[in-house]
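Novice: Sharing final_29.txt (compact mmCIF, C-alpha atoms and all ligand atoms) below.
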# COMPACT_ATOMS: atom_id res chain seq x y z
CA MET Z 611 -14.04 -97.27 -44.70
CA LEU Z 612 -17.50 -96.06 -45.56
CA PHE Z 613 -19.73 -96.70 -48.51
CA VAL Z 614 -18.22 -100.20 -48.66
CA ASP Z 615 -20.92 -101.70 -50.86
CA GLY Z 616 -22.19 -98.47 -52.31
CA LYS Z 617 -18.70 -97.17 -53.07
CA ARG Z 618 -18.88 -98.02 -56.74
CA SER Z 619 -22.33 -96.52 -57.20
CA ILE Z 620 -21.38 -93.33 -55.34
CA GLY Z 621 -18.30 -93.13 -57.57
CA ALA Z 622 -20.43 -93.57 -60.68
CA LEU Z 623 -22.78 -90.90 -59.43
CA ALA Z 624 -19.95 -88.48 -58.81
CA HIS Z 625 -18.72 -89.25 -62.31
CA THR Z 626 -22.08 -88.35 -63.84
CA LEU Z 627 -22.16 -85.11 -61.87
CA GLU Z 628 -18.63 -84.31 -62.91
CA ARG Z 629 -19.65 -84.52 -66.54
CA HIS Z 630 -21.51 -81.27 -65.84
CA ILE Z 631 -18.19 -79.66 -64.97
CA HIS Z 632 -16.65 -80.77 -68.24
CA GLY Z 633 -19.83 -79.74 -70.05
CA ARG Z 634 -19.14 -76.29 -68.55
CA LEU Z 635 -22.40 -76.12 -66.67
CA TRP Z 636 -21.03 -73.11 -64.77
CA LEU Z 637 -20.48 -71.23 -68.03
CA GLN Z 638 -23.98 -72.04 -69.18
CA VAL Z 639 -25.25 -70.79 -65.83
CA LEU Z 640 -23.27 -67.55 -66.12
CA VAL Z 641 -24.58 -66.98 -69.65
CA GLY Z 642 -28.08 -67.73 -68.33
CA MET Z 643 -27.61 -65.13 -65.64
CA ALA Z 644 -26.34 -62.44 -68.03
CA CYS Z 645 -29.16 -63.05 -70.54
CA GLY Z 646 -31.69 -63.19 -67.69
CA THR Z 647 -30.57 -59.79 -66.38
CA ALA Z 648 -30.79 -58.24 -69.86
CA ILE Z 649 -34.25 -59.67 -70.57
CA GLY Z 650 -35.42 -58.72 -67.06
CA ILE Z 651 -34.29 -55.12 -67.48
CA ALA Z 652 -36.06 -54.98 -70.84
CA LEU Z 653 -39.25 -56.24 -69.20
CA GLY Z 654 -38.83 -54.08 -66.09
CA PRO Z 655 -40.23 -50.66 -65.14
CA ASP Z 656 -37.19 -48.57 -66.21
CA LEU Z 657 -37.40 -48.87 -70.01
CA LYS Z 658 -41.23 -48.88 -70.13
CA LEU Z 659 -41.18 -51.14 -73.19
CA ILE Z 660 -44.19 -53.23 -72.25
CA ASP Z 661 -47.26 -52.98 -70.09
CA PRO Z 662 -46.42 -53.70 -66.39
CA GLN Z 663 -49.24 -56.27 -66.11
CA LEU Z 664 -47.98 -58.20 -69.12
CA SER Z 665 -44.39 -57.95 -67.84
CA LYS Z 666 -45.47 -59.51 -64.53
CA ILE Z 667 -47.12 -62.44 -66.32
CA LEU Z 668 -44.13 -62.96 -68.62
CA ALA Z 669 -41.71 -62.86 -65.67
CA GLU Z 670 -43.70 -65.56 -63.85
CA TRP Z 671 -43.58 -67.79 -66.94
CA LEU Z 672 -39.86 -67.21 -67.39
CA ALA Z 673 -39.27 -68.19 -63.77
CA LEU Z 674 -41.16 -71.47 -64.14
CA PRO Z 675 -38.15 -73.74 -64.87
CA GLY Z 676 -36.35 -72.07 -61.97
CA GLU Z 677 -39.17 -72.76 -59.57
CA LEU Z 678 -39.22 -76.39 -60.75
CA PHE Z 679 -35.44 -76.61 -60.25
CA LEU Z 680 -35.74 -75.31 -56.68
CA ARG Z 681 -38.66 -77.62 -55.93
CA LEU Z 682 -36.83 -80.70 -57.23
CA ILE Z 683 -33.84 -80.04 -54.98
CA LYS Z 684 -35.90 -79.05 -51.94
CA MET Z 685 -38.10 -82.10 -52.40
CA VAL Z 686 -35.25 -84.55 -51.83
CA LEU Z 687 -33.39 -82.46 -49.31
CA ILE Z 688 -34.66 -83.92 -46.04
CA PRO Z 689 -34.14 -87.59 -47.02
CA LEU Z 690 -30.79 -86.73 -48.63
CA VAL Z 691 -29.43 -85.05 -45.52
CA PHE Z 692 -31.02 -87.58 -43.16
CA PHE Z 693 -29.59 -90.63 -44.91
CA SER Z 694 -26.22 -89.13 -45.72
CA ILE Z 695 -25.53 -88.18 -42.11
CA ILE Z 696 -26.57 -91.64 -40.92
CA ARG Z 697 -24.47 -93.18 -43.70
CA GLY Z 698 -21.47 -91.05 -42.85
CA LEU Z 699 -21.57 -91.62 -39.12
CA GLY Z 700 -23.08 -95.10 -39.14
CA GLY Z 701 -20.33 -96.61 -41.23
CA ALA Z 702 -17.54 -94.72 -39.49
CA ASN Z 703 -14.89 -96.20 -37.31
CA LEU Z 704 -15.86 -95.34 -33.73
CA LYS Z 705 -12.29 -94.62 -32.68
CA GLN Z 706 -11.81 -92.29 -35.62
CA LEU Z 707 -15.09 -90.60 -34.82
CA LYS Z 708 -14.11 -89.98 -31.20
CA ASN Z 709 -10.83 -88.62 -32.42
CA ILE Z 710 -12.18 -86.23 -35.08
CA GLY Z 711 -15.60 -85.39 -33.59
CA PRO Z 712 -14.67 -82.92 -30.83
CA ARG Z 713 -11.92 -81.28 -32.90
CA PHE Z 714 -14.21 -80.86 -35.88
CA LEU Z 715 -16.81 -79.28 -33.58
CA ILE Z 716 -14.27 -76.76 -32.29
CA TYR Z 717 -13.11 -76.02 -35.85
CA LEU Z 718 -16.72 -75.55 -36.93
CA LEU Z 719 -17.59 -73.15 -34.11
CA CYS Z 720 -14.40 -71.11 -34.52
CA THR Z 721 -14.57 -70.70 -38.30
CA THR Z 722 -18.30 -69.92 -38.23
CA ALA Z 723 -17.85 -67.35 -35.45
CA LEU Z 724 -14.93 -65.79 -37.29
CA SER Z 725 -16.94 -65.58 -40.52
CA CYS Z 726 -19.80 -63.82 -38.69
CA ILE Z 727 -17.39 -61.39 -37.05
CA ILE Z 728 -15.71 -60.61 -40.40
CA GLY Z 729 -19.17 -60.09 -41.91
CA ILE Z 730 -20.34 -57.72 -39.18
CA GLY Z 731 -17.04 -55.82 -39.29
CA LEU Z 732 -17.15 -55.45 -43.06
CA ALA Z 733 -20.78 -54.32 -43.11
CA SER Z 734 -20.08 -51.83 -40.32
CA VAL Z 735 -17.20 -50.32 -42.27
CA LEU Z 736 -18.71 -50.31 -45.78
CA HIS Z 737 -22.24 -49.45 -44.58
CA PRO Z 738 -24.14 -50.96 -47.57
CA GLY Z 739 -27.48 -50.13 -45.90
CA SER Z 740 -27.03 -46.40 -46.50
CA TYR Z 741 -27.18 -46.87 -50.29
CA VAL Z 742 -30.84 -47.92 -50.37
CA HIS Z 743 -33.92 -45.94 -49.54
CA ILE Z 744 -36.90 -47.95 -48.48
CA GLU Z 745 -40.03 -47.15 -46.57
CA GLN Z 746 -39.40 -48.91 -43.26
CA SER Z 747 -42.00 -50.25 -40.97
CA VAL Z 748 -41.65 -49.19 -37.35
CA ILE Z 749 -38.74 -50.80 -35.51
CA PRO Z 750 -40.23 -53.72 -33.56
CA HIS Z 751 -40.14 -53.56 -29.78
CA THR Z 752 -40.16 -57.31 -29.43
CA GLY Z 753 -37.44 -59.80 -30.40
CA ALA Z 754 -34.29 -61.07 -28.75
CA LEU Z 755 -32.29 -57.89 -29.38
CA ASN Z 756 -34.78 -55.95 -27.28
CA VAL Z 757 -34.80 -58.69 -24.66
CA ILE Z 758 -31.03 -58.45 -24.39
CA ALA Z 759 -31.37 -54.70 -24.09
CA LYS Z 760 -33.53 -55.38 -21.03
CA GLY Z 761 -31.01 -57.91 -19.79
CA ASN Z 762 -33.15 -61.04 -19.22
CA ILE Z 763 -31.78 -63.32 -21.96
CA VAL Z 764 -30.06 -65.68 -19.47
CA GLY Z 765 -33.43 -66.83 -18.13
CA ARG Z 766 -34.33 -68.16 -21.58
CA LEU Z 767 -31.15 -70.17 -22.13
CA PRO Z 768 -32.23 -73.50 -20.53
CA GLU Z 769 -35.33 -73.56 -22.73
CA THR Z 770 -33.16 -72.85 -25.79
CA PHE Z 771 -30.87 -75.78 -24.93
CA ILE Z 772 -33.78 -78.19 -24.43
CA ASN Z 773 -35.20 -77.17 -27.78
CA ILE Z 774 -32.06 -78.41 -29.53
CA LEU Z 775 -33.52 -81.91 -29.26
CA PRO Z 776 -36.63 -82.29 -31.40
CA GLU Z 777 -39.68 -83.46 -29.49
CA ASN Z 778 -40.98 -85.33 -32.50
CA PRO Z 779 -38.37 -85.92 -35.24
CA LEU Z 780 -41.01 -87.14 -37.66
CA SER Z 781 -42.91 -83.89 -37.48
CA SER Z 782 -39.61 -81.97 -37.88
CA ALA Z 783 -39.01 -83.91 -41.10
CA ILE Z 784 -42.58 -83.43 -42.34
CA ASP Z 785 -42.47 -79.69 -41.61
CA GLY Z 786 -39.14 -79.49 -43.45
CA GLU Z 787 -37.57 -78.23 -40.23
CA MET Z 788 -33.92 -78.91 -40.84
CA PHE Z 789 -32.25 -78.38 -37.51
CA GLY Z 790 -34.36 -81.00 -35.70
CA THR Z 791 -33.79 -83.43 -38.55
CA VAL Z 792 -30.02 -82.92 -38.44
CA VAL Z 793 -29.86 -83.41 -34.66
CA PHE Z 794 -31.95 -86.57 -34.91
CA SER Z 795 -29.82 -87.93 -37.78
CA LEU Z 796 -26.66 -87.21 -35.80
CA LEU Z 797 -27.90 -89.17 -32.79
CA LEU Z 798 -29.15 -92.01 -34.97
CA GLY Z 799 -25.85 -92.09 -36.87
CA LEU Z 800 -23.90 -92.30 -33.61
CA ALA Z 801 -26.14 -95.12 -32.40
CA PHE Z 802 -25.51 -96.89 -35.73
CA ALA Z 803 -21.76 -96.50 -35.33
CA MET Z 804 -21.93 -98.26 -31.97
CA GLN Z 805 -23.48 -101.44 -33.42
CA PRO Z 806 -21.36 -104.40 -34.58
CA THR Z 807 -20.65 -104.12 -38.33
CA ARG Z 808 -22.38 -107.38 -39.27
CA THR Z 809 -25.69 -106.17 -37.74
CA ILE Z 810 -25.89 -102.97 -39.73
CA LYS Z 811 -24.13 -104.01 -42.95
CA HIS Z 812 -27.32 -104.68 -44.90
CA LEU Z 813 -29.05 -101.62 -43.58
CA LEU Z 814 -26.16 -99.42 -44.67
CA SER Z 815 -26.21 -100.90 -48.14
CA ILE Z 816 -29.96 -100.18 -48.40
CA ILE Z 817 -29.22 -96.60 -47.36
CA ASP Z 818 -26.61 -96.38 -50.15
CA ASP Z 819 -29.24 -97.45 -52.67
CA LEU Z 820 -31.72 -94.92 -51.33
CA LEU Z 821 -29.12 -92.15 -51.55
CA ASN Z 822 -28.52 -93.05 -55.17
CA ILE Z 823 -32.21 -92.83 -55.92
CA PHE Z 824 -32.51 -89.37 -54.36
CA MET Z 825 -29.39 -88.20 -56.16
CA THR Z 826 -30.94 -89.24 -59.47
CA ILE Z 827 -33.59 -86.59 -58.88
CA VAL Z 828 -30.84 -84.05 -58.15
CA LYS Z 829 -29.27 -84.93 -61.50
CA TRP Z 830 -32.53 -84.14 -63.25
CA ALA Z 831 -32.56 -80.78 -61.50
CA MET Z 832 -29.04 -80.05 -62.71
CA HIS Z 833 -30.10 -80.31 -66.33
CA LEU Z 834 -32.48 -77.46 -65.62
CA ALA Z 835 -29.86 -75.26 -63.90
CA PRO Z 836 -28.93 -72.85 -66.75
CA LEU Z 837 -32.56 -72.29 -67.76
CA ALA Z 838 -33.50 -71.98 -64.09
CA VAL Z 839 -30.93 -69.28 -63.43
CA PHE Z 840 -31.92 -67.46 -66.62
CA GLY Z 841 -35.61 -67.35 -65.65
CA LEU Z 842 -35.11 -66.54 -61.97
CA THR Z 843 -32.68 -63.73 -62.78
CA ALA Z 844 -35.02 -62.35 -65.46
CA ARG Z 845 -37.92 -62.26 -62.99
CA MET Z 846 -35.74 -60.64 -60.36
CA ALA Z 847 -34.50 -57.91 -62.74
CA ALA Z 848 -38.03 -57.30 -64.10
CA GLU Z 849 -39.49 -56.94 -60.62
CA THR Z 850 -36.66 -55.02 -59.01
CA GLY Z 851 -35.74 -52.60 -61.79
CA LEU Z 852 -32.40 -51.14 -62.74
CA SER Z 853 -32.26 -48.26 -60.26
CA VAL Z 854 -32.90 -50.48 -57.24
CA LEU Z 855 -30.40 -53.02 -58.56
CA LEU Z 856 -27.76 -50.28 -58.71
CA GLY Z 857 -28.59 -49.26 -55.13
CA MET Z 858 -28.04 -52.85 -54.06
CA SER Z 859 -24.64 -53.07 -55.72
CA MET Z 860 -22.82 -51.96 -52.55
CA TYR Z 861 -24.56 -54.73 -50.61
CA ILE Z 862 -23.66 -57.29 -53.31
CA LEU Z 863 -20.04 -56.10 -53.30
CA THR Z 864 -19.84 -56.30 -49.50
CA VAL Z 865 -21.07 -59.91 -49.54
CA LEU Z 866 -18.68 -60.87 -52.36
CA LEU Z 867 -15.78 -59.24 -50.55
CA GLY Z 868 -16.75 -61.08 -47.35
CA LEU Z 869 -16.82 -64.40 -49.19
CA MET Z 870 -13.37 -63.69 -50.61
CA LEU Z 871 -12.08 -63.03 -47.10
CA VAL Z 872 -13.47 -66.38 -45.93
CA MET Z 873 -11.63 -68.07 -48.81
CA MET Z 874 -8.46 -66.33 -47.65
CA MET Z 875 -9.12 -67.56 -44.12
CA TYR Z 876 -9.21 -71.15 -45.47
CA HIS Z 877 -5.90 -70.68 -47.25
CA LEU Z 878 -4.38 -69.33 -44.05
CA LEU Z 879 -5.72 -72.29 -42.05
CA ILE Z 880 -4.26 -74.72 -44.59
CA MET Z 881 -0.88 -73.00 -44.32
CA MET Z 882 -1.03 -73.03 -40.51
CA PHE Z 883 -2.22 -76.60 -39.95
CA THR Z 884 -0.87 -78.58 -42.89
CA LYS Z 885 2.18 -78.69 -45.08
CA ARG Z 886 0.14 -78.27 -48.25
CA ARG Z 887 0.42 -75.30 -50.54
CA PRO Z 888 -2.82 -73.28 -50.67
CA LEU Z 889 -2.56 -72.79 -54.44
CA GLU Z 890 -2.32 -76.52 -55.00
CA PHE Z 891 -5.40 -76.97 -52.82
CA ALA Z 892 -7.21 -74.25 -54.78
CA SER Z 893 -6.55 -75.92 -58.13
CA SER Z 894 -7.63 -79.35 -56.80
CA VAL Z 895 -11.03 -78.08 -55.74
CA THR Z 896 -11.95 -75.81 -58.68
CA GLY Z 897 -14.17 -78.43 -60.35
CA VAL Z 898 -16.41 -79.00 -57.36
CA GLN Z 899 -16.53 -75.26 -56.61
CA LEU Z 900 -17.86 -74.60 -60.12
CA LEU Z 901 -20.47 -77.31 -59.71
CA ALA Z 902 -21.52 -75.84 -56.35
CA PHE Z 903 -21.72 -72.43 -58.00
CA SER Z 904 -23.92 -73.82 -60.79
CA THR Z 905 -26.35 -75.67 -58.55
CA SER Z 906 -26.42 -73.46 -55.40
CA SER Z 907 -26.57 -76.64 -53.38
CA SER Z 908 -23.80 -78.17 -51.30
CA ALA Z 909 -25.99 -81.21 -50.61
CA ALA Z 910 -26.43 -81.84 -54.32
CA VAL Z 911 -22.70 -81.88 -55.01
CA MET Z 912 -21.83 -83.98 -51.95
CA PRO Z 913 -20.72 -87.07 -53.93
CA VAL Z 914 -18.35 -84.92 -55.99
CA SER Z 915 -16.98 -83.29 -52.82
CA ILE Z 916 -16.23 -86.74 -51.39
CA LYS Z 917 -14.58 -87.83 -54.62
CA THR Z 918 -12.54 -84.60 -54.81
CA ALA Z 919 -11.37 -85.07 -51.22
CA GLU Z 920 -10.29 -88.64 -51.83
CA GLU Z 921 -8.92 -88.50 -55.37
CA ASN Z 922 -7.59 -84.94 -55.73
CA LEU Z 923 -6.59 -84.25 -52.16
CA GLY Z 924 -5.65 -87.79 -51.11
CA ILE Z 925 -7.84 -87.76 -47.98
CA ASP Z 926 -8.57 -91.07 -46.32
CA PRO Z 927 -12.21 -92.12 -46.89
CA SER Z 928 -12.66 -92.65 -43.14
CA ILE Z 929 -12.22 -88.88 -42.77
CA SER Z 930 -13.86 -87.49 -45.91
CA GLU Z 931 -16.94 -89.67 -45.61
CA VAL Z 932 -17.61 -88.37 -42.13
CA ILE Z 933 -16.67 -84.73 -42.57
CA ILE Z 934 -18.29 -84.04 -45.95
CA PRO Z 935 -21.83 -85.32 -45.24
CA LEU Z 936 -21.77 -83.60 -41.86
CA GLY Z 937 -20.13 -80.43 -43.13
CA THR Z 938 -22.64 -80.18 -45.98
CA THR Z 939 -25.30 -79.42 -43.40
CA ILE Z 940 -23.54 -77.92 -40.42
CA ASN Z 941 -20.36 -76.29 -41.73
CA MET Z 942 -21.50 -73.19 -43.61
CA ASP Z 943 -19.15 -70.27 -43.33
CA GLY Z 944 -20.33 -68.80 -46.64
CA THR Z 945 -23.90 -68.77 -45.38
CA ALA Z 946 -22.82 -67.40 -41.98
CA ILE Z 947 -20.94 -64.42 -43.40
CA TYR Z 948 -23.72 -63.74 -45.89
CA GLN Z 949 -26.36 -63.78 -43.15
CA SER Z 950 -24.36 -61.50 -40.86
CA ILE Z 951 -23.85 -58.90 -43.61
CA ALA Z 952 -27.51 -59.11 -44.61
CA ILE Z 953 -28.71 -58.63 -41.01
CA ILE Z 954 -26.51 -55.57 -40.50
CA PHE Z 955 -27.66 -54.28 -43.91
CA MET Z 956 -31.30 -54.59 -42.84
CA ALA Z 957 -30.62 -52.84 -39.54
CA GLN Z 958 -28.70 -50.04 -41.32
CA SER Z 959 -31.38 -49.53 -43.94
CA ALA Z 960 -33.88 -49.10 -41.07
CA GLY Z 961 -31.61 -46.64 -39.29
CA MET Z 962 -31.23 -48.99 -36.33
CA ALA Z 963 -27.98 -48.70 -34.36
CA LEU Z 964 -26.74 -51.91 -32.72
CA THR Z 965 -24.87 -52.16 -29.43
CA LEU Z 966 -21.92 -54.52 -28.92
CA ALA Z 967 -24.06 -56.89 -26.80
CA GLN Z 968 -26.64 -57.02 -29.57
CA MET Z 969 -23.94 -57.84 -32.11
CA VAL Z 970 -22.71 -60.67 -29.88
CA LEU Z 971 -26.23 -62.06 -29.77
CA ILE Z 972 -26.42 -61.81 -33.57
CA VAL Z 973 -23.18 -63.82 -33.87
CA ILE Z 974 -24.44 -66.53 -31.49
CA THR Z 975 -27.80 -66.75 -33.27
CA LEU Z 976 -26.19 -66.88 -36.70
CA ILE Z 977 -23.78 -69.65 -35.67
CA ALA Z 978 -26.79 -71.75 -34.68
CA SER Z 979 -28.80 -70.83 -37.76
CA SER Z 980 -26.00 -71.48 -40.23
CA ILE Z 981 -25.46 -74.87 -38.57
CA GLY Z 982 -29.15 -75.58 -39.03
CA SER Z 983 -29.25 -74.40 -42.68
CA PRO Z 984 -29.33 -77.34 -45.06
CA GLY Z 985 -27.25 -77.26 -48.24
CA THR Z 986 -29.98 -76.33 -50.71
CA PRO Z 987 -30.66 -73.30 -52.87
CA GLY Z 988 -32.18 -70.26 -51.22
CA VAL Z 989 -32.13 -71.69 -47.74
CA GLY Z 990 -29.71 -69.13 -46.30
CA VAL Z 991 -31.98 -66.24 -47.23
CA ALA Z 992 -35.14 -67.97 -45.98
CA ILE Z 993 -33.61 -68.71 -42.59
CA LEU Z 994 -32.17 -65.19 -42.48
CA MET Z 995 -35.65 -63.68 -42.49
CA THR Z 996 -36.81 -65.84 -39.56
CA VAL Z 997 -33.67 -65.01 -37.62
CA ALA Z 998 -34.07 -61.28 -38.32
CA SER Z 999 -37.65 -61.15 -37.14
CA ASN Z 1000 -36.88 -63.29 -34.08
CA LEU Z 1001 -34.10 -60.89 -33.21
CA GLY Z 1002 -36.36 -57.89 -33.73
CA ILE Z 1003 -34.64 -56.41 -36.78
CA PRO Z 1004 -37.01 -54.66 -39.21
CA THR Z 1005 -37.25 -56.71 -42.39
CA GLY Z 1006 -38.28 -53.90 -44.74
CA ALA Z 1007 -35.31 -54.67 -47.02
CA HIS Z 1008 -36.48 -58.29 -47.34
CA GLY Z 1009 -37.70 -57.95 -50.93
CA LEU Z 1010 -34.45 -56.36 -52.08
CA ILE Z 1011 -32.31 -59.01 -50.41
CA LEU Z 1012 -34.41 -61.75 -51.92
CA GLY Z 1013 -34.26 -60.08 -55.33
CA VAL Z 1014 -30.49 -60.24 -55.60
CA ASP Z 1015 -30.05 -63.55 -53.83
CA ARG Z 1016 -29.43 -65.81 -56.83
CA LEU Z 1017 -25.85 -64.75 -57.53
CA LEU Z 1018 -24.97 -64.52 -53.82
CA ASP Z 1019 -26.42 -67.98 -53.17
CA MET Z 1020 -24.25 -69.45 -55.93
CA CYS Z 1021 -21.13 -67.80 -54.56
CA ARG Z 1022 -21.72 -68.68 -50.90
CA THR Z 1023 -22.42 -72.30 -51.84
CA ALA Z 1024 -18.98 -72.52 -53.50
CA VAL Z 1025 -17.49 -71.16 -50.26
CA ASN Z 1026 -19.47 -73.62 -48.10
CA VAL Z 1027 -18.17 -76.55 -50.14
CA THR Z 1028 -14.60 -75.22 -49.96
CA GLY Z 1029 -14.99 -75.04 -46.16
CA ASP Z 1030 -15.82 -78.75 -45.98
CA LEU Z 1031 -12.82 -79.63 -48.13
CA THR Z 1032 -10.59 -77.38 -46.01
CA ALA Z 1033 -11.75 -79.26 -42.90
CA CYS Z 1034 -10.95 -82.57 -44.65
CA VAL Z 1035 -7.45 -81.35 -45.44
CA ILE Z 1036 -6.86 -80.10 -41.90
CA PHE Z 1037 -8.10 -83.29 -40.22
CA GLY Z 1038 -6.96 -85.70 -42.88
CA THR Z 1039 -3.39 -84.60 -43.50
CA LYS Z 1040 -0.83 -86.64 -41.65
CA LYS Z 1041 1.67 -84.39 -39.92
N1 LIG E 1101 -27.27 -72.74 -50.97
C1 LIG E 1101 -26.39 -72.84 -49.83
C2 LIG E 1101 -25.71 -74.21 -49.84
O1 LIG E 1101 -26.23 -75.14 -50.40
C3 LIG E 1101 -27.11 -72.63 -48.54
C4 LIG E 1101 -27.59 -71.20 -48.47
O2 LIG E 1101 -28.63 -70.89 -49.05
O3 LIG E 1101 -26.90 -70.38 -47.84
O4 LIG E 1101 -24.65 -74.38 -49.28
Can the structure from this file be put into C-alpha cells for me?
Ligand code: ASP
Specialist:
Amino acid sequence: MLFVDGKRSIGALAHTLERHIHGRLWLQVLVGMACGTAIGIALGPDLKLIDPQLSKILAEWLALPGELFLRLIKMVLIPLVFFSIIRGLGGANLKQLKNIGPRFLIYLLCTTALSCIIGIGLASVLHPGSYVHIEQSVIPHTGALNVIAKGNIVGRLPETFINILPENPLSSAIDGEMFGTVVFSLLLGLAFAMQPTRTIKHLLSIIDDLLNIFMTIVKWAMHLAPLAVFGLTARMAAETGLSVLLGMSMYILTVLLGLMLVMMMYHLLIMMFTKRRPLEFASSVTGVQLLAFSTSSSAAVMPVSIKTAEENLGIDPSISEVIIPLGTTINMDGTAIYQSIAIIFMAQSAGMALTLAQMVLIVITLIASSIGSPGTPGVGVAILMTVASNLGIPTGAHGLILGVDRLLDMCRTAVNVTGDLTACVIFGTKK
C-alpha cells in the first residue's frame, strides 16, 4: 500500500479539494465563462462600443487573475509530477508493478492511438478548417511530414529513441521540459521500488510532506478559478470578436464531439473488460470530472482522483496509487484527440492535403506528445504548436485555436481524468 504515512494527509487534502465540488466550483466557473464571453463581446471589435486601444488595456487587466491562476499551477507542476511519480512507483509492490506495468503500457498506447485515429477521422469528415478564412503563410517545405514524403524518416529513428532519455534531467526540469522529467522520474521511481522498504521509508514520508506543500499552492489557485476563467474568456472574446468565434464553432463542435466519443470508448472498455455497469461508473466519477473541468488540470485534482478510485470505485490502493499519478502525466486521450483534430484543422485551413503516410506520422507523433504533456492548464495547446511546426504544418490558425482553448481545455481535462479512472477499473477489478 502506498502513501502509508502520508495517507491521512493525502486524504485530508482530497477532502479540502472536494469541498470545491460541493461549493459548486464548476457552476461558478461556467457562470464566469458566460459572463466573460458577454463582457468580451461588449469590449470587442464587433459592437464598437469602446475605443480598441482602451479595450485592449481593459482585456489585459481582466485577464490578470487568470494569468496568475495559470502561473500558480505551472509553477508547482514539475515538482508535483516528479514527486508524485516517484511516490507512486517508489512505494509500490514490485510484483504488482511487474504485473500491471506492461499491460498498462499496452492499454495506454492502444487508447491513445485510437483517440488520435477517431480525431483524424472526425476532422476529415466534418472538415472544420473550411469554416475559417485566414491569411496563411506559405506551406513550409521543412518538417517531418515533408521528410516522410521524401522517404528518409527511418534514418532518424535511432536518434529519436536515444533522445527519449534526457541527457541532463536537471536541465530538463529547469527548462520545464516535461517529457525528460517524466522519463527520469519513472526510472528513479523504479529504482526506489527495488530498494528494501526500511531504507526508503523515511524518504517516502518526506516526499509525502513535500507533495502536500505543493498541493497547498494548487488549492490557492483553485480559489481563483472562477475569476480566472471569467477574465481569460473575456480577453479571448474581446480579441477574437464575434464573427471569428462563430467561424470557429465548427472546430469547437468537432472537438466536443470527439471528446464524447472517447467517453463512449471508455464505457465500452468497461463493459468489455469488467463486470461493472458503465452508468454506475459514470455516476461515481462525476465529482472529480467537475473538479477537473473547473481547474483544467489533471495533476491538480490527482488526490481526488485517487480518493475517488479507492472510495467510490473500490479500487485497491496498490493499483490506484500507481496508475493515477502515472496516468495524470502519460495517459491523456482527451489531449490526444484534441491535438489530432487541431492539427488537421490547421492543415485544412491552409489548404494542405495530407497523405495516409503523413497521417500515420501525425498519429505516432501525437501519441508521444500526449504522453509527454503534463496535466496542467493550456499545456495541450502549447505542445500542439511545437508538434505542428516540427511536422511542417502551417500554424496560421494558431491564434484562433489559442483563442478558444479555455473551454476545450476544461473539457479535455475531464476526459483525461476519466481515462485514468477507467484504467484503474480495468486493472483493479477482480474477474
Ligand atoms: N489541461 C490538460 C490536463 O490537465 C492537459 C492539456 O492541456 O491538454 O489534463
Novice: Just give me the gap between CA of Ser959 in chain Z and CA of Gly739 in chain Z in Å, one decimal is fine.
Specialist: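 The value is 4.4 Å.
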Novice: Taking only C-alpha atoms and all ligand atoms into account, list the residues no farther than 7 Å from ligand LIG 1101 (chain E), as a ChimeraX atom specification.
Specialist: /Z:906-909,938,942,944-945,983-991,1019-1020,1022-1023,1026-1027
Novice: With C-alpha atoms retained, export the selected residues as a PDB file, in the frame of the given file.
Specialist:
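Everything below was put into result-v6.pdb:
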ATOM      1  CA  SER Z 906     -26.420 -73.460 -55.400  1.00  0.00           C
ATOM      2  CA  SER Z 907     -26.570 -76.640 -53.380  1.00  0.00           C
ATOM      3  CA  SER Z 908     -23.800 -78.170 -51.300  1.00  0.00           C
ATOM      4  CA  ALA Z 909     -25.990 -81.210 -50.610  1.00  0.00           C
ATOM      5  CA  THR Z 938     -22.640 -80.180 -45.980  1.00  0.00           C
ATOM      6  CA  MET Z 942     -21.500 -73.190 -43.610  1.00  0.00           C
ATOM      7  CA  GLY Z 944     -20.330 -68.800 -46.640  1.00  0.00           C
ATOM      8  CA  THR Z 945     -23.900 -68.770 -45.380  1.00  0.00           C
ATOM      9  CA  SER Z 983     -29.250 -74.400 -42.680  1.00  0.00           C
ATOM     10  CA  PRO Z 984     -29.330 -77.340 -45.060  1.00  0.00           C
ATOM     11  CA  GLY Z 985     -27.250 -77.260 -48.240  1.00  0.00           C
ATOM     12  CA  THR Z 986     -29.980 -76.330 -50.710  1.00  0.00           C
ATOM     13  CA  PRO Z 987     -30.660 -73.300 -52.870  1.00  0.00           C
ATOM     14  CA  GLY Z 988     -32.180 -70.260 -51.220  1.00  0.00           C
ATOM     15  CA  VAL Z 989     -32.130 -71.690 -47.740  1.00  0.00           C
ATOM     16  CA  GLY Z 990     -29.710 -69.130 -46.300  1.00  0.00           C
ATOM     17  CA  VAL Z 991     -31.980 -66.240 -47.230  1.00  0.00           C
ATOM     18  CA  ASP Z1019     -26.420 -67.980 -53.170  1.00  0.00           C
ATOM     19  CA  MET Z1020     -24.250 -69.450 -55.930  1.00  0.00           C
ATOM     20  CA  ARG Z1022     -21.720 -68.680 -50.900  1.00  0.00           C
ATOM     21  CA  THR Z1023     -22.420 -72.300 -51.840  1.00  0.00           C
ATOM     22  CA  ASN Z1026     -19.470 -73.620 -48.100  1.00  0.00           C
ATOM     23  CA  VAL Z1027     -18.170 -76.550 -50.140  1.00  0.00           C
TER      24      VAL Z1027
END
Novice: With a distance cut-off of 12 Å and all atoms listed in the file, select the neighbouring residues of Ile974 in chain Z, excluding the residue or stretch itself and same-chain residues fewer than 2 positions from it, and output the selection as a PyMOL selection string.
Specialist: chain Z and resi 719-720+722-727+754-755+946+950+967-972+976-981+997+1001
Novice: Restricting the calculation to only C-alpha atoms, which member of Z:Thr1005, Z:Gln706, Z:Thr843, Z:Ser781 is positioned closest to Met962 in chain Z?
Specialist: Z:Thr1005
Novice: Determine, counting only C-alpha atoms, which protein, DNA and RNA residues have an atom within 12 Å of an atom of Lys708 in chain Z; residues of the same chain fewer than 3 positions away are not included. Present the result as a list of chain:residue names.
Specialist: Z:Leu699, Z:Ala702, Z:Asn703, Z:Leu704, Z:Lys705, Z:Gly711, Z:Pro712, Z:Arg713, Z:Phe714, Z:Leu715, Z:Leu800, Z:Ala803, Z:Met804, Z:Ile929, Z:Val932
